$ cat query_27.pdb   # PDB, C-alpha atoms
ATOM      1  CA  MET A   1     -50.244  30.936  54.796
ATOM      2  CA  VAL A   2     -48.647  33.481  52.505
ATOM      3  CA  GLY A   3     -45.312  32.740  50.858
ATOM      4  CA  CYS A   4     -42.642  35.049  49.571
ATOM      5  CA  CYS A   5     -43.697  37.529  46.891
ATOM      6  CA  GLY A   6     -47.342  36.561  47.202
ATOM      7  CA  LYS A   7     -46.875  32.836  46.605
ATOM      8  CA  GLY A   8     -48.998  30.641  48.773
ATOM      9  CA  ALA A   9     -48.631  27.057  49.997
ATOM     10  CA  ALA A  10     -50.999  25.881  47.255
ATOM     11  CA  ASP A  11     -48.604  27.218  44.619
ATOM     12  CA  ASP A  12     -45.742  25.279  46.201
ATOM     13  CA  ASP A  13     -47.831  22.095  46.157
ATOM     14  CA  ASN A  14     -48.637  22.580  42.447
ATOM     15  CA  GLU A  15     -44.955  23.033  41.595
ATOM     16  CA  SER A  16     -44.026  19.946  43.581
ATOM     17  CA  ASN A  17     -46.668  17.881  41.776
ATOM     18  CA  ALA A  18     -45.518  19.151  38.377
ATOM     19  CA  ILE A  19     -41.953  17.971  39.075
ATOM     20  CA  ASN A  20     -43.101  14.559  40.202
ATOM     21  CA  LYS A  21     -45.266  13.948  37.130
ATOM     22  CA  ASP A  22     -44.202  11.188  34.783
ATOM     23  CA  ARG A  23     -41.919  12.817  32.253
ATOM     24  CA  LYS A  24     -40.976  11.555  28.792
ATOM     25  CA  CYS A  25     -38.749  12.507  25.899
ATOM     26  CA  ARG A  26     -40.637  14.873  23.615
ATOM     27  CA  ASP A  27     -37.816  15.635  21.146
ATOM     28  CA  VAL A  28     -37.372  12.195  19.613
ATOM     29  CA  LEU A  29     -36.174  13.685  16.318
ATOM     30  CA  PHE A  30     -33.386  15.626  18.040
ATOM     31  CA  LEU A  31     -32.438  12.604  20.156
ATOM     32  CA  ILE A  32     -31.973  10.621  16.929
ATOM     33  CA  LEU A  33     -29.928  13.460  15.425
ATOM     34  CA  PHE A  34     -27.778  13.585  18.584
ATOM     35  CA  ILE A  35     -27.100   9.824  18.391
ATOM     36  CA  VAL A  36     -26.251  10.098  14.669
ATOM     37  CA  PHE A  37     -23.874  12.973  15.500
ATOM     38  CA  TRP A  38     -22.010  10.852  18.070
ATOM     39  CA  VAL A  39     -21.831   7.858  15.721
ATOM     40  CA  GLY A  40     -20.292  10.220  13.142
ATOM     41  CA  MET A  41     -17.808  11.581  15.703
ATOM     42  CA  LEU A  42     -16.720   8.042  16.647
ATOM     43  CA  TYR A  43     -16.249   7.213  12.957
ATOM     44  CA  VAL A  44     -14.144  10.354  12.397
ATOM     45  CA  GLY A  45     -12.003   9.496  15.463
ATOM     46  CA  TYR A  46     -11.498   5.900  14.318
ATOM     47  CA  THR A  47     -10.551   7.023  10.786
ATOM     48  CA  ALA A  48      -8.100   9.608  12.154
ATOM     49  CA  PHE A  49      -6.248   7.032  14.262
ATOM     50  CA  ASP A  50      -6.453   4.297  11.629
ATOM     51  CA  GLN A  51      -5.241   6.322   8.633
ATOM     52  CA  GLY A  52      -3.516   9.270  10.306
ATOM     53  CA  ASN A  53      -0.528   9.591  12.588
ATOM     54  CA  PRO A  54      -1.112  10.976  16.109
ATOM     55  CA  ASN A  55       2.644  11.675  16.418
ATOM     56  CA  MET A  56       2.137  14.613  14.068
ATOM     57  CA  LEU A  57       0.446  16.370  16.993
ATOM     58  CA  PHE A  58       3.562  16.068  19.160
ATOM     59  CA  TYR A  59       6.612  16.224  16.875
ATOM     60  CA  GLY A  60       7.711  18.528  14.074
ATOM     61  CA  LEU A  61       8.495  17.873  10.422
ATOM     62  CA  ASP A  62      11.987  18.679   9.223
ATOM     63  CA  SER A  63      12.721  20.520   5.972
ATOM     64  CA  HIS A  64      12.474  17.292   3.969
ATOM     65  CA  GLY A  65       9.106  16.184   5.329
ATOM     66  CA  ASN A  66      10.464  13.624   7.815
ATOM     67  CA  LEU A  67       8.500  13.387  11.062
ATOM     68  CA  CYS A  68      10.803  13.660  14.064
ATOM     69  CA  GLY A  69      10.250  10.914  16.649
ATOM     70  CA  ASP A  70       8.639   8.536  14.146
ATOM     71  CA  ALA A  71       9.715   5.440  12.247
ATOM     72  CA  MET A  72       7.346   5.709   9.332
ATOM     73  CA  THR A  73       8.500   6.631   5.856
ATOM     74  CA  TYR A  74       7.915  10.243   4.843
ATOM     75  CA  ASN A  75       8.822  11.860   1.584
ATOM     76  CA  HIS A  76      12.124  10.255   0.511
ATOM     77  CA  SER A  77      13.049   8.881   3.924
ATOM     78  CA  ALA A  78      13.058   5.307   5.153
ATOM     79  CA  TYR A  79      15.069   6.161   8.261
ATOM     80  CA  ASP A  80      13.951   5.473  11.827
ATOM     81  CA  PHE A  81      13.647   8.854  13.551
ATOM     82  CA  LYS A  82      12.267   7.403  16.820
ATOM     83  CA  THR A  83      15.346   8.515  18.764
ATOM     84  CA  LYS A  84      15.453  11.910  17.021
ATOM     85  CA  LYS A  85      12.464  13.590  18.638
ATOM     86  CA  GLN A  86      13.692  17.183  18.668
ATOM     87  CA  GLN A  87      13.493  19.519  15.680
ATOM     88  CA  TYR A  88      16.488  21.822  15.275
ATOM     89  CA  PHE A  89      16.244  24.991  13.181
ATOM     90  CA  PHE A  90      19.560  26.031  11.633
ATOM     91  CA  ASN A  91      19.034  29.779  11.427
ATOM     92  CA  PRO A  92      15.629  31.326  12.174
ATOM     93  CA  MET A  93      16.745  34.662  10.711
ATOM     94  CA  VAL A  94      16.523  33.275   7.157
ATOM     95  CA  ALA A  95      12.747  33.416   7.496
ATOM     96  CA  ALA A  96      12.650  37.019   8.676
ATOM     97  CA  ASP A  97      11.319  39.617   6.308
ATOM     98  CA  ALA A  98      14.281  41.718   5.163
ATOM     99  CA  GLU A  99      12.418  45.008   5.561
ATOM    100  CA  THR A 100      10.515  44.603   8.795
ATOM    101  CA  MET A 101      12.269  41.582  10.417
ATOM    102  CA  ALA A 102       8.831  40.933  11.894
ATOM    103  CA  SER A 103       7.106  38.263   9.823
ATOM    104  CA  MET A 104       8.517  34.834  10.645
ATOM    105  CA  SER A 105       7.526  31.543   9.030
ATOM    106  CA  LEU A 106       8.953  28.379  10.609
ATOM    107  CA  ALA A 107       8.189  26.425   7.447
ATOM    108  CA  ALA A 108      10.799  28.466   5.549
ATOM    109  CA  ILE A 109      13.597  27.733   8.034
ATOM    110  CA  PRO A 110      15.862  24.758   7.227
ATOM    111  CA  SER A 111      15.604  22.167  10.005
ATOM    112  CA  ILE A 112      16.616  18.622  10.918
ATOM    113  CA  CYS A 113      15.588  16.035  13.503
ATOM    114  CA  VAL A 114      18.119  15.565  16.323
ATOM    115  CA  ASP A 115      18.528  13.453  19.471
ATOM    116  CA  GLY A 116      18.478  16.482  21.734
ATOM    117  CA  CYS A 117      18.947  20.211  21.887
ATOM    118  CA  PRO A 118      22.505  21.605  22.007
ATOM    119  CA  SER A 119      23.907  21.647  25.528
ATOM    120  CA  ASP A 120      26.909  23.836  24.746
ATOM    121  CA  VAL A 121      26.951  26.875  22.505
ATOM    122  CA  CYS A 122      29.639  29.224  21.212
ATOM    123  CA  SER A 123      29.575  32.883  21.997
ATOM    124  CA  LEU A 124      29.498  35.233  19.032
ATOM    125  CA  ALA A 125      32.986  36.426  19.987
ATOM    126  CA  ASP A 126      34.409  32.866  19.960
ATOM    127  CA  LEU A 127      32.704  32.136  16.655
ATOM    128  CA  SER A 128      34.038  35.369  15.118
ATOM    129  CA  ALA A 129      37.551  34.495  16.289
ATOM    130  CA  ALA A 130      37.196  31.016  14.762
ATOM    131  CA  ILE A 131      36.020  32.501  11.452
ATOM    132  CA  ALA A 132      38.894  35.039  11.449
ATOM    133  CA  ASN A 133      41.520  32.350  12.065
ATOM    134  CA  PRO A 134      40.141  28.872  11.179
ATOM    135  CA  SER A 135      43.555  27.198  11.365
ATOM    136  CA  LYS A 136      43.913  28.121  15.070
ATOM    137  CA  PRO A 137      42.416  25.527  17.473
ATOM    138  CA  SER A 138      39.052  26.668  18.798
ATOM    139  CA  LYS A 139      36.422  25.048  20.978
ATOM    140  CA  CYS A 140      33.863  26.201  18.422
ATOM    141  CA  LEU A 141      35.295  24.108  15.591
ATOM    142  CA  ASP A 142      34.103  20.655  16.642
ATOM    143  CA  ASN A 143      31.052  18.454  16.096
ATOM    144  CA  ASN A 144      29.482  19.596  19.390
ATOM    145  CA  HIS A 145      29.189  23.156  18.110
ATOM    146  CA  PHE A 146      27.876  22.431  14.616
ATOM    147  CA  TYR A 147      24.766  20.776  13.283
ATOM    148  CA  CYS A 148      24.928  19.732   9.654
ATOM    149  CA  GLU A 149      22.342  19.073   6.989
ATOM    150  CA  TYR A 150      21.654  15.339   6.603
ATOM    151  CA  TYR A 151      24.645  14.064   4.658
ATOM    152  CA  LYS A 152      22.246  12.602   2.085
ATOM    153  CA  TRP A 153      20.910  16.093   1.279
ATOM    154  CA  SER A 154      24.092  18.110   1.832
ATOM    155  CA  GLY A 155      25.252  18.023  -1.808
ATOM    156  CA  LEU A 156      28.747  17.073  -0.609
ATOM    157  CA  LYS A 157      31.034  14.803  -2.606
ATOM    158  CA  GLN A 158      33.794  12.528  -1.318
ATOM    159  CA  SER A 159      36.257  15.207  -2.441
ATOM    160  CA  ASP A 160      34.693  17.572   0.144
ATOM    161  CA  LEU A 161      35.911  15.344   2.980
ATOM    162  CA  LYS A 162      39.338  15.392   4.674
ATOM    163  CA  ASP A 163      39.752  11.717   3.928
ATOM    164  CA  GLU A 164      38.032  10.677   0.707
ATOM    165  CA  SER A 165      37.742   7.096   1.956
ATOM    166  CA  THR A 166      35.575   8.221   4.904
ATOM    167  CA  VAL A 167      32.089   6.730   4.904
ATOM    168  CA  ILE A 168      29.389   8.912   6.448
ATOM    169  CA  ASP A 169      25.885   7.633   7.162
ATOM    170  CA  GLU A 170      23.408   9.360   4.858
ATOM    171  CA  TRP A 171      21.339  10.600   7.844
ATOM    172  CA  ASP A 172      24.345  11.777   9.894
ATOM    173  CA  THR A 173      24.204  15.401  11.098
ATOM    174  CA  ASN A 174      27.499  15.516  13.043
ATOM    175  CA  TYR A 175      30.282  15.396  10.478
ATOM    176  CA  PHE A 176      31.794  18.902  10.616
ATOM    177  CA  THR A 177      35.257  17.663  11.654
ATOM    178  CA  LYS A 178      35.302  15.199   8.734
ATOM    179  CA  LEU A 179      34.953  18.009   6.196
ATOM    180  CA  SER A 180      37.820  19.408   4.196
ATOM    181  CA  ILE A 181      39.129  22.857   5.161
ATOM    182  CA  THR A 182      37.248  24.367   2.184
ATOM    183  CA  ALA A 183      33.923  22.827   3.282
ATOM    184  CA  GLN A 184      34.554  23.903   6.894
ATOM    185  CA  LEU A 185      35.200  27.475   5.728
ATOM    186  CA  SER A 186      31.972  27.318   3.740
ATOM    187  CA  SER A 187      30.175  26.273   6.932
ATOM    188  CA  LEU A 188      31.669  29.251   8.761
ATOM    189  CA  THR A 189      30.147  31.593   6.194
ATOM    190  CA  PRO A 190      26.799  32.663   7.673
ATOM    191  CA  GLY A 191      23.883  30.803   6.083
ATOM    192  CA  LYS A 192      25.979  28.868   3.567
ATOM    193  CA  GLY A 193      26.335  25.390   5.135
ATOM    194  CA  PRO A 194      26.405  22.415   4.859
ATOM    195  CA  CYS A 195      27.038  22.715   8.610
ATOM    196  CA  PHE A 196      25.786  25.542  10.792
ATOM    197  CA  PRO A 197      27.282  26.800  14.065
ATOM    198  CA  VAL A 198      25.333  26.554  17.297
ATOM    199  CA  PHE A 199      25.472  29.937  19.031
TER     200      PHE A 199
END
$ encode --input "query_27.pdb" --output "structure tokens"
Amino acid sequence: MVGCCGKGAADDDNESNAINKDRKCRDVLFLILFIVFWVGMLYVGYTAFDQGNPNMLFYGLDSHGNLCGDAMTYNHSAYDFKTKKQQYFFNPMVAADAETMASMSLAAIPSICVDGCPSDVCSLADLSAAIANPSKPSKCLDNNHFYCEYYKWSGLKQSDLKDESTVIDEWDTNYFTKLSITAQLSSLTPGKGPCFPVF
């Protein structure tokens, strides 16, 4: 009997016998190297989880080196950021290259950790009207429309507050309405702070 392409039944029998032969590992050296590789990988994984922080894969670092969504101490912080999982960037345009406006670096943008992203924003027109006439009531001039630098890092003094007896938590980021008129006007100046409008 002739098989396809000139192969006969005898050839098929030889192939079948070759497959059924007792087989054994011939690359013992490479098997050992493969096992050593996996032992090394398990050690690297264990070390990463034991000495590292997996949360750094999921949450961002604010401008001061604090890990959002984490309770560990980073840099100068001993604050529990577990509830503040979102990273808020004050003004991304500060990182834009002045000439091309093309190269952006998130690391250069001031940011803080917050409970959640802003749900209400001011239009540019409303913000401009508020800047032009800050003494007139505006929906833009409240804590919901401003995020502030952590009070601890703001550089503010008690004299920069409306009421000098006011106590603000050092990690508070919603204190715009507690600022004096001068400090509020400073916050309305683009990029100056200590608070920044959400628009």
$ atom_distance --input "query_27.pdb" --atom1 "atom CA of Asn91 of chain A" --atom2 "atom CA of Thr189 of chain A"
12.4 Å
$ residues_around --input "query_27.pdb" --residues "segment 178-188 of chain A" --least-positions-apart "5" --cutoff "6 Å" --atoms "all atoms listed in the file" --output "ChimeraX atom specification"
/A:160-162,193-196
$ write_last_selection --input "query_27.pdb" --atoms "C-alpha atoms" --output "mmCIF file, keeping the file's coordinate frame"
data_model
loop_
_atom_site.group_PDB
_atom_site.id
_atom_site.type_symbol
_atom_site.label_atom_id
_atom_site.label_comp_id
_atom_site.auth_asym_id
_atom_site.auth_seq_id
_atom_site.Cartn_x
_atom_site.Cartn_y
_atom_site.Cartn_z
ATOM 1 C CA ASP A 160 34.693 17.572 0.144
ATOM 2 C CA LEU A 161 35.911 15.344 2.980
ATOM 3 C CA LYS A 162 39.338 15.392 4.674
ATOM 4 C CA GLY A 193 26.335 25.390 5.135
ATOM 5 C CA PRO A 194 26.405 22.415 4.859
ATOM 6 C CA CYS A 195 27.038 22.715 8.610
ATOM 7 C CA PHE A 196 25.786 25.542 10.792
#
$ residues_around --input "query_27.pdb" --residues "Tyr147 of chain A" --least-positions-apart "6" --cutoff "8 Å" --atoms "all atoms listed in the file" --output "PyMOL selection string"
chain A and resi 90+173-174+176+195-198
$ residues_around --input "query_27.pdb" --residues "Ser138 of chain A" --least-positions-apart "6" --cutoff "10 Å" --atoms "only C-alpha atoms" --output "list in words"
Asp126, Leu127, Ala129, Ala130 and Ile131 of chain A
$ closest_residue --input "query_27.pdb" --among "A:Asp115, A:Phe199, A:Pro110, A:Lys84" --to "Ser128 of chain A" --atoms "only C-alpha atoms"
A:Phe199
$ atom_distance --input "query_27.pdb" --atom1 "atom CA of Asp80 of chain A" --atom2 "atom CA of Cys140 of chain A"
29.5 Å
$ atom_distance --input "query_27.pdb" --atom1 "atom CA of Gln158 of chain A" --atom2 "atom CA of Lys192 of chain A"
18.8 Å
$ residues_around --input "query_27.pdb" --residues "segment 60-70 of chain A" --least-positions-apart "3" --cutoff "7 Å" --atoms "only C-alpha atoms" --output "CSV table (one decimal) with C-alpha atoms, keeping the file's coordinate frame"
chain,number,residue,atom,x,y,z
A,56,MET,CA,2.1,14.6,14.1
A,74,TYR,CA,7.9,10.2,4.8
A,75,ASN,CA,8.8,11.9,1.6
A,77,SER,CA,13.0,8.9,3.9
A,80,ASP,CA,14.0,5.5,11.8
A,81,PHE,CA,13.6,8.9,13.6
A,82,LYS,CA,12.3,7.4,16.8
A,83,THR,CA,15.3,8.5,18.8
A,84,LYS,CA,15.5,11.9,17.0
A,85,LYS,CA,12.5,13.6,18.6
A,86,GLN,CA,13.7,17.2,18.7
A,87,GLN,CA,13.5,19.5,15.7
A,110,PRO,CA,15.9,24.8,7.2
A,111,SER,CA,15.6,22.2,10.0
A,112,ILE,CA,16.6,18.6,10.9
A,113,CYS,CA,15.6,16.0,13.5
$ resolve_selection --input "query_27.pdb" --expression "the PyMOL selection byres ((chain A and resi 53) around 12)" --output "short mmCIF file (atom, residue, chain, number, x, y, z; two decimals) with C-alpha atoms, in the coordinates of the input"
data_model
loop_
_atom_site.label_atom_id
_atom_site.label_comp_id
_atom_site.auth_asym_id
_atom_site.auth_seq_id
_atom_site.Cartn_x
_atom_site.Cartn_y
_atom_site.Cartn_z
CA GLY A 45 -12.00 9.50 15.46
CA TYR A 46 -11.50 5.90 14.32
CA THR A 47 -10.55 7.02 10.79
CA ALA A 48 -8.10 9.61 12.15
CA PHE A 49 -6.25 7.03 14.26
CA ASP A 50 -6.45 4.30 11.63
CA GLN A 51 -5.24 6.32 8.63
CA GLY A 52 -3.52 9.27 10.31
CA PRO A 54 -1.11 10.98 16.11
CA ASN A 55 2.64 11.68 16.42
CA MET A 56 2.14 14.61 14.07
CA LEU A 57 0.45 16.37 16.99
CA PHE A 58 3.56 16.07 19.16
CA TYR A 59 6.61 16.22 16.88
CA LEU A 67 8.50 13.39 11.06
CA GLY A 69 10.25 10.91 16.65
CA ASP A 70 8.64 8.54 14.15
CA ALA A 71 9.72 5.44 12.25
CA MET A 72 7.35 5.71 9.33
CA THR A 73 8.50 6.63 5.86
CA TYR A 74 7.92 10.24 4.84
#
$ residues_near_point --input "query_27.pdb" --point "(28.3, 27.5, 21.4)" --cutoff "6 Å" --atoms "only C-alpha atoms" --output "short mmCIF file (atom, residue, chain, number, x, y, z; two decimals) with C-alpha atoms, in the frame of the given file"
data_model
loop_
_atom_site.label_atom_id
_atom_site.label_comp_id
_atom_site.auth_asym_id
_atom_site.auth_seq_id
_atom_site.Cartn_x
_atom_site.Cartn_y
_atom_site.Cartn_z
CA ASP A 120 26.91 23.84 24.75
CA VAL A 121 26.95 26.88 22.50
CA CYS A 122 29.64 29.22 21.21
CA SER A 123 29.58 32.88 22.00
CA HIS A 145 29.19 23.16 18.11
CA VAL A 198 25.33 26.55 17.30
CA PHE A 199 25.47 29.94 19.03
#
$ axis_aligned_box --input "query_27.pdb" --around "segment 178-194 of chain A" --padding-each-side "8 Å" --output "AutoDock Vina command-line options"
--center_x 31.5 --center_y 23.9 --center_z 5.5 --size_x 31.2 --size_y 33.5 --size_z 22.6
